[in-house]
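Pasting data.txt here (compact mmCIF, C-alpha atoms and all ligand atoms):
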```
# COMPACT_ATOMS: atom_id res chain seq x y z
CA MET A 28 -40.77 -98.84 47.04
CA ASN A 29 -39.81 -95.70 45.18
CA ARG A 30 -36.46 -96.09 43.43
CA ILE A 31 -34.95 -92.87 42.08
CA PRO A 32 -33.92 -93.41 38.44
CA PHE A 33 -30.20 -93.31 37.80
CA ILE A 34 -28.44 -92.38 34.57
CA SER A 35 -24.70 -92.92 34.66
CA GLY A 36 -22.04 -92.31 32.05
CA ASN A 37 -18.90 -94.37 31.79
CA TRP A 38 -16.32 -92.36 29.86
CA LYS A 39 -13.86 -95.28 29.71
CA MET A 40 -10.41 -94.30 28.36
CA TYR A 41 -11.63 -91.22 26.51
CA LYS A 42 -10.96 -87.50 26.97
CA THR A 43 -7.92 -85.62 28.25
CA GLY A 44 -8.29 -83.48 31.37
CA SER A 45 -9.33 -80.34 29.51
CA GLU A 46 -11.72 -82.24 27.23
CA ALA A 47 -13.30 -83.89 30.25
CA VAL A 48 -13.76 -80.56 32.03
CA GLU A 49 -15.28 -78.98 28.93
CA THR A 50 -17.72 -81.88 28.50
CA ALA A 51 -18.67 -81.86 32.17
CA LYS A 52 -19.35 -78.10 32.12
CA LYS A 53 -21.58 -78.49 29.11
CA LEU A 54 -23.45 -81.32 30.79
CA VAL A 55 -23.95 -79.27 33.96
CA ASP A 56 -25.48 -76.45 31.88
CA LEU A 57 -27.76 -78.88 30.07
CA CYS A 58 -28.87 -80.38 33.38
CA PHE A 59 -30.18 -77.06 34.74
CA ASP A 60 -33.79 -78.29 34.92
CA VAL A 61 -33.07 -81.94 35.71
CA LYS A 62 -34.74 -83.33 38.80
CA ASN A 63 -36.03 -86.66 40.09
CA VAL A 64 -33.24 -88.53 38.29
CA GLU A 65 -29.73 -89.01 39.57
CA VAL A 66 -26.96 -88.25 37.07
CA MET A 67 -23.39 -89.50 37.32
CA ILE A 68 -20.33 -89.43 35.09
CA ALA A 69 -17.21 -91.55 35.50
CA PRO A 70 -14.14 -89.90 33.92
CA SER A 71 -10.65 -91.40 33.90
CA PHE A 72 -8.71 -91.34 37.17
CA LEU A 73 -6.58 -88.46 35.88
CA SER A 74 -9.57 -86.28 35.04
CA LEU A 75 -11.60 -87.25 38.09
CA PRO A 76 -10.48 -84.49 40.50
CA LEU A 77 -10.70 -81.85 37.76
CA VAL A 78 -14.20 -82.88 36.78
CA ALA A 79 -15.26 -83.27 40.42
CA ALA A 80 -14.21 -79.68 41.10
CA CYS A 81 -16.19 -78.34 38.19
CA VAL A 82 -19.45 -80.22 38.98
CA GLN A 83 -19.35 -79.52 42.71
CA GLY A 84 -22.69 -78.26 44.01
CA THR A 85 -24.51 -79.22 40.81
CA HIS A 86 -26.87 -82.03 39.91
CA VAL A 87 -24.04 -84.07 38.34
CA LYS A 88 -22.26 -86.63 40.50
CA ILE A 89 -18.91 -88.30 40.00
CA GLY A 90 -17.87 -91.92 39.88
CA ALA A 91 -14.63 -93.80 39.24
CA GLN A 92 -14.39 -96.63 36.73
CA ASN A 93 -12.44 -99.01 38.95
CA LEU A 94 -10.42 -99.25 42.15
CA TYR A 95 -7.89 -101.53 43.77
CA PHE A 96 -8.99 -103.26 46.96
CA GLU A 97 -5.91 -102.66 49.10
CA LYS A 98 -5.84 -99.55 51.27
CA GLU A 99 -2.31 -98.57 50.23
CA GLY A 100 1.04 -100.18 49.51
CA ALA A 101 3.47 -101.20 46.80
CA PHE A 102 0.88 -101.78 44.05
CA THR A 103 2.31 -99.91 41.09
CA GLY A 104 -0.28 -98.33 38.87
CA GLU A 105 -3.25 -98.90 41.17
CA VAL A 106 -5.64 -96.49 42.88
CA SER A 107 -7.38 -97.09 46.23
CA ALA A 108 -10.94 -96.42 47.34
CA GLY A 109 -9.69 -93.76 49.77
CA MET A 110 -7.85 -91.92 47.00
CA ILE A 111 -10.95 -91.99 44.84
CA LYS A 112 -13.17 -90.74 47.65
CA THR A 113 -10.89 -87.83 48.53
CA ALA A 114 -10.64 -86.89 44.84
CA GLY A 115 -14.38 -86.18 44.90
CA ALA A 116 -16.14 -89.37 43.77
CA GLU A 117 -19.36 -90.63 45.29
CA TYR A 118 -19.70 -93.78 43.16
CA VAL A 119 -17.39 -96.43 41.78
CA ILE A 120 -18.02 -98.89 38.95
CA ILE A 121 -16.86 -102.40 39.88
CA GLY A 122 -16.45 -105.47 37.68
CA HIS A 123 -17.20 -103.85 34.34
CA SER A 124 -17.02 -106.50 31.63
CA GLU A 125 -14.00 -104.79 30.06
CA ARG A 126 -12.20 -105.19 33.39
CA ARG A 127 -13.20 -108.84 33.51
CA GLN A 128 -12.30 -109.42 29.84
CA TYR A 129 -8.99 -107.54 29.52
CA PHE A 130 -7.67 -107.25 33.08
CA GLY A 131 -8.46 -110.61 34.56
CA GLU A 132 -11.07 -109.53 37.09
CA THR A 133 -13.05 -112.30 38.67
CA ASP A 134 -16.08 -112.50 40.94
CA THR A 135 -13.63 -112.88 43.83
CA SER A 136 -11.78 -109.65 43.04
CA VAL A 137 -15.12 -107.93 42.46
CA CYS A 138 -16.18 -108.99 45.96
CA ARG A 139 -12.99 -107.62 47.50
CA LYS A 140 -13.36 -104.37 45.59
CA LEU A 141 -16.92 -104.02 46.84
CA ARG A 142 -15.73 -104.50 50.40
CA SER A 143 -13.10 -101.83 50.00
CA ALA A 144 -15.53 -99.37 48.33
CA ILE A 145 -18.11 -99.84 51.07
CA ASN A 146 -15.55 -99.50 53.86
CA GLU A 147 -14.54 -96.19 52.37
CA GLY A 148 -18.12 -94.95 51.93
CA LEU A 149 -18.14 -95.14 48.13
CA LYS A 150 -21.37 -96.28 46.47
CA PRO A 151 -20.66 -99.33 44.31
CA ILE A 152 -22.14 -100.01 40.88
CA MET A 153 -21.54 -103.72 40.36
CA CYS A 154 -21.60 -104.81 36.71
CA ILE A 155 -22.73 -108.25 35.65
CA GLY A 156 -23.65 -109.82 32.33
CA GLU A 157 -23.26 -112.81 30.08
CA THR A 158 -21.20 -113.17 26.90
CA GLU A 159 -22.75 -114.04 23.57
CA THR A 160 -21.55 -117.66 23.82
CA GLU A 161 -23.00 -118.01 27.29
CA ARG A 162 -26.35 -116.71 26.06
CA ASP A 163 -26.26 -119.04 23.04
CA GLN A 164 -25.57 -121.94 25.40
CA GLU A 165 -28.55 -120.87 27.54
CA LYS A 166 -26.29 -120.18 30.51
CA THR A 167 -27.38 -116.58 31.05
CA PHE A 168 -29.15 -117.09 34.38
CA LEU A 169 -26.49 -119.46 35.65
CA ILE A 170 -23.79 -116.86 34.98
CA LEU A 171 -25.76 -114.02 36.52
CA ASP A 172 -26.52 -116.13 39.54
CA LYS A 173 -22.84 -116.84 40.07
CA GLN A 174 -21.77 -113.23 39.49
CA VAL A 175 -24.30 -111.98 42.03
CA SER A 176 -23.76 -114.62 44.68
CA ASP A 177 -19.95 -114.63 44.49
CA GLY A 178 -19.70 -110.85 44.06
CA LEU A 179 -21.91 -110.19 47.10
CA LYS A 180 -20.59 -113.07 49.19
CA GLY A 181 -20.34 -112.27 52.89
CA PHE A 182 -22.30 -109.02 52.78
CA GLY A 183 -25.36 -108.20 54.82
CA SER A 184 -28.14 -106.20 53.21
CA ASP A 185 -27.52 -103.16 55.42
CA GLU A 186 -23.92 -102.97 54.17
CA LEU A 187 -25.28 -103.00 50.62
CA LYS A 188 -27.78 -100.19 51.10
CA ASP A 189 -26.10 -98.08 48.38
CA LEU A 190 -25.46 -100.93 45.98
CA VAL A 191 -26.48 -100.39 42.36
CA LEU A 192 -26.52 -103.40 40.04
CA ALA A 193 -25.87 -102.92 36.33
CA TYR A 194 -26.93 -105.65 33.95
CA GLU A 195 -24.78 -105.32 30.86
CA PRO A 196 -24.89 -108.16 28.37
CA VAL A 197 -21.30 -108.29 27.10
CA TRP A 198 -22.46 -108.77 23.50
CA ALA A 199 -24.37 -105.47 23.66
CA ILE A 200 -21.51 -103.27 24.90
CA GLY A 201 -20.13 -100.91 22.29
CA THR A 202 -21.53 -103.08 19.52
CA GLY A 203 -24.70 -101.17 18.68
CA LYS A 204 -26.66 -104.33 19.49
CA THR A 205 -29.12 -104.02 22.34
CA ALA A 206 -30.93 -106.74 24.18
CA ASN A 207 -34.59 -106.83 23.19
CA THR A 208 -37.42 -105.94 25.53
CA LYS A 209 -38.16 -109.55 26.39
CA GLN A 210 -34.50 -110.34 27.19
CA VAL A 211 -34.08 -107.27 29.40
CA ASN A 212 -37.39 -107.84 31.09
CA GLU A 213 -36.71 -111.45 32.02
CA VAL A 214 -33.20 -110.73 33.29
CA HIS A 215 -34.23 -107.75 35.41
CA GLN A 216 -37.12 -109.68 36.86
CA TYR A 217 -34.78 -112.58 37.57
CA LEU A 218 -32.28 -110.31 39.31
CA ARG A 219 -34.99 -108.69 41.39
CA SER A 220 -36.16 -112.08 42.62
CA LEU A 221 -32.57 -113.25 43.16
CA LEU A 222 -31.96 -110.27 45.48
CA CYS A 223 -35.18 -111.10 47.28
CA LYS A 224 -34.18 -114.73 47.72
CA SER A 225 -30.59 -113.92 48.77
CA PHE A 226 -31.40 -110.97 51.06
CA SER A 227 -34.97 -109.78 51.57
CA LYS A 228 -38.01 -108.45 49.79
CA ASP A 229 -37.33 -105.00 51.17
CA PHE A 230 -33.72 -105.04 49.95
CA SER A 231 -34.75 -106.28 46.54
CA SER A 232 -37.41 -103.64 46.13
CA ARG A 233 -35.11 -100.76 47.02
CA THR A 234 -32.00 -101.78 45.05
CA ARG A 235 -31.65 -100.10 41.68
CA ILE A 236 -30.92 -102.31 38.69
CA LEU A 237 -29.59 -100.51 35.61
CA TYR A 238 -29.38 -101.73 32.04
CA GLY A 239 -26.24 -101.07 30.00
CA GLY A 240 -25.16 -101.87 26.46
CA SER A 241 -25.56 -99.48 23.52
CA VAL A 242 -28.13 -97.27 25.24
CA LYS A 243 -28.70 -94.16 23.13
CA PRO A 244 -31.35 -91.46 22.64
CA GLU A 245 -33.06 -93.57 19.96
CA ASN A 246 -33.68 -96.57 22.23
CA VAL A 247 -33.86 -95.03 25.70
CA LYS A 248 -37.66 -94.98 25.79
CA GLU A 249 -38.00 -98.62 24.81
CA LEU A 250 -35.36 -99.81 27.31
CA MET A 251 -36.12 -97.57 30.28
CA SER A 252 -39.85 -98.22 30.20
CA ILE A 253 -39.27 -101.93 30.89
CA LYS A 254 -40.45 -102.98 34.33
CA ASP A 255 -37.63 -103.33 36.87
CA VAL A 256 -35.20 -101.19 34.84
CA ASP A 257 -34.19 -98.26 37.04
CA GLY A 258 -31.86 -96.41 34.71
CA ALA A 259 -28.84 -96.94 32.52
CA LEU A 260 -25.08 -97.26 32.47
CA VAL A 261 -24.12 -95.53 29.23
CA GLY A 262 -20.76 -95.74 27.48
CA GLY A 263 -20.43 -94.26 23.99
CA ALA A 264 -23.48 -91.99 24.13
CA SER A 265 -22.35 -90.42 27.42
CA LEU A 266 -19.29 -88.88 25.77
CA ASP A 267 -21.42 -86.33 23.94
CA PRO A 268 -23.44 -84.14 26.35
CA ASP A 269 -26.07 -83.41 23.68
CA LYS A 270 -26.77 -87.12 23.37
CA PHE A 271 -26.43 -87.90 27.06
CA ILE A 272 -28.94 -85.21 28.07
CA LYS A 273 -31.52 -86.76 25.76
CA ILE A 274 -31.12 -90.02 27.66
CA ILE A 275 -31.38 -88.23 31.02
CA LYS A 276 -34.45 -86.31 29.90
CA TYR A 277 -36.39 -89.50 29.28
CA TYR A 278 -37.16 -89.23 32.99
CA LEU A 279 -38.29 -85.57 32.99
P1 LIG B 1 -21.89 -98.67 25.50
O1 LIG B 1 -21.11 -99.06 26.84
O2 LIG B 1 -23.05 -97.78 25.91
O3 LIG B 1 -20.90 -97.93 24.66
O4 LIG B 1 -22.35 -99.94 24.88
C1 LIG B 1 -21.80 -99.40 28.01
C2 LIG B 1 -20.82 -99.71 29.11
O5 LIG B 1 -19.72 -100.21 28.82
O6 LIG B 1 -21.11 -99.49 30.29
```

Give the structure from the file, written as structure tokens.
Ligand code: PGA
Amino acid sequence: MNRIPFISGNWKMYKTGSEAVETAKKLVDLCFDVKNVEVMIAPSFLSLPLVAACVQGTHVKIGAQNLYFEKEGAFTGEVSAGMIKTAGAEYVIIGHSERRQYFGETDTSVCRKLRSAINEGLKPIMCIGETETERDQEKTFLILDKQVSDGLKGFGSDELKDLVLAYEPVWAIGTGKTANTKQVNEVHQYLRSLLCKSFSKDFSSRTRILYGGSVKPENVKELMSIKDVDGALVGGASLDPDKFIKIIKYYL
């Protein structure tokens, strides 16, 4: 099965509206000859419609960094899937480890968020990954197993046709540490077989599994050439278009 590589940038809580637009414009220019790899950036909610307007009709797609699972209502400070979709996003990141760590997200809320994204026609990027302690205690596969089975509980494979999984070891996010080739390889292989076991061989072979955690131009070749790695979710290095394009161009 041919999986189109996917390079996505998570801008987190960086960039004002005008900074985001300026960065996005520069990225669009740099992507003029990009093909055969999907490119996405996820700006803050405030910048999302501005950035969506300036990348419209280009190779660069838009994602949100989060959503709230209710359709609408008295939920001060929250943003729904429908609002995100109409603002111009195609993707949404769900269950990022910073959401789990600082905002109390659980596998149950991740599952509800997925449901709401899918109902609204947004393509979900579900983030999973173990902490350093969990890895030290040899619980990595146990944790991933739980995050996948609880996060995807109740879904049929046809509902998940646009699902993207992102394996992001928590200890490698924003730390400059990256998982080594062996670690990434065994996790991605494990996830591929988990999807096969839980759904089907066909589903497993068409679902993209990204790696995330300190991906940068210097290590993109080593990480992206690992079997079963279909692209990257990039934080820090996606903020600078000159760096981000080098990551994208690994696939050209
Ligand atoms: P990082 O972030 O590339 O800065 O480590 C990755 C992420 O949080 O998705």

Neighbourhood of ligand LIG 1 (chain B) at 9 Å, counting all atoms listed in the file, reported as number ranges by chain:
A: 35-39, 123-125, 154, 193, 195, 197-205, 238-243, 259-265

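The coordinates place CA of Leu218 (chain A) at 10.8 Å from CA of Ser232 (chain A).
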
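Nearest-residue note for Ile275 (chain A): choosing from A:Val87, A:Ile34, A:Val119, A:Val82, the minimum distance belongs to A:Ile34, counting all atoms listed in the file.
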
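Computed from the coordinates, the CA of Lys273 (chain A) to CA of Pro76 (chain A) distance equals 25.8 Å.
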
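Between CA of Asn246 (chain A) and CA of Met67 (chain A) the interatomic distance comes to 19.6 Å.
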
Around (-24.2, -84.2, 27.6) in the file's own coordinates, what residues are found within 7 Å if you use all atoms listed in the file, given back as a count of residues only? 11

Find the residues around Gly258 (chain A) up to 6 Å (all atoms listed in the file counted), leave out those fewer than 3 positions away in its own chain, and share them as a PyMOL selection string.
chain A and resi 32-34+237

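For region 129-141 of chain A, the residues within 8 Å (counting all atoms listed in the file, excluding itself and residues fewer than 5 positions away along the chain) are Leu94, Tyr95, Phe96, Ile121, Gly122, Pro151, Met153, Gln174, Asp177, Gly178, Leu179 and Lys180 of chain A.
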
Q) Gly90 (chain A): which residues within 10 Å, counting only C-alpha atoms, same-chain residues fewer than 5 positions away excluded, as a PyMOL selection string? A) chain A and resi 35-37+67-72+75+79+111-112+115-120+149-152

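Distance check against Ser225 (chain A) using all atoms listed in the file: of A:Asp172, A:Asp257, A:Glu161, A:Glu65, the minimum falls on A:Asp172.
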
The residue from A:Ala144, A:Leu192, A:Ile155, A:Val55 with the smallest atom-to-atom distance to Asn93 (chain A), counting all atoms listed in the file, is A:Ala144
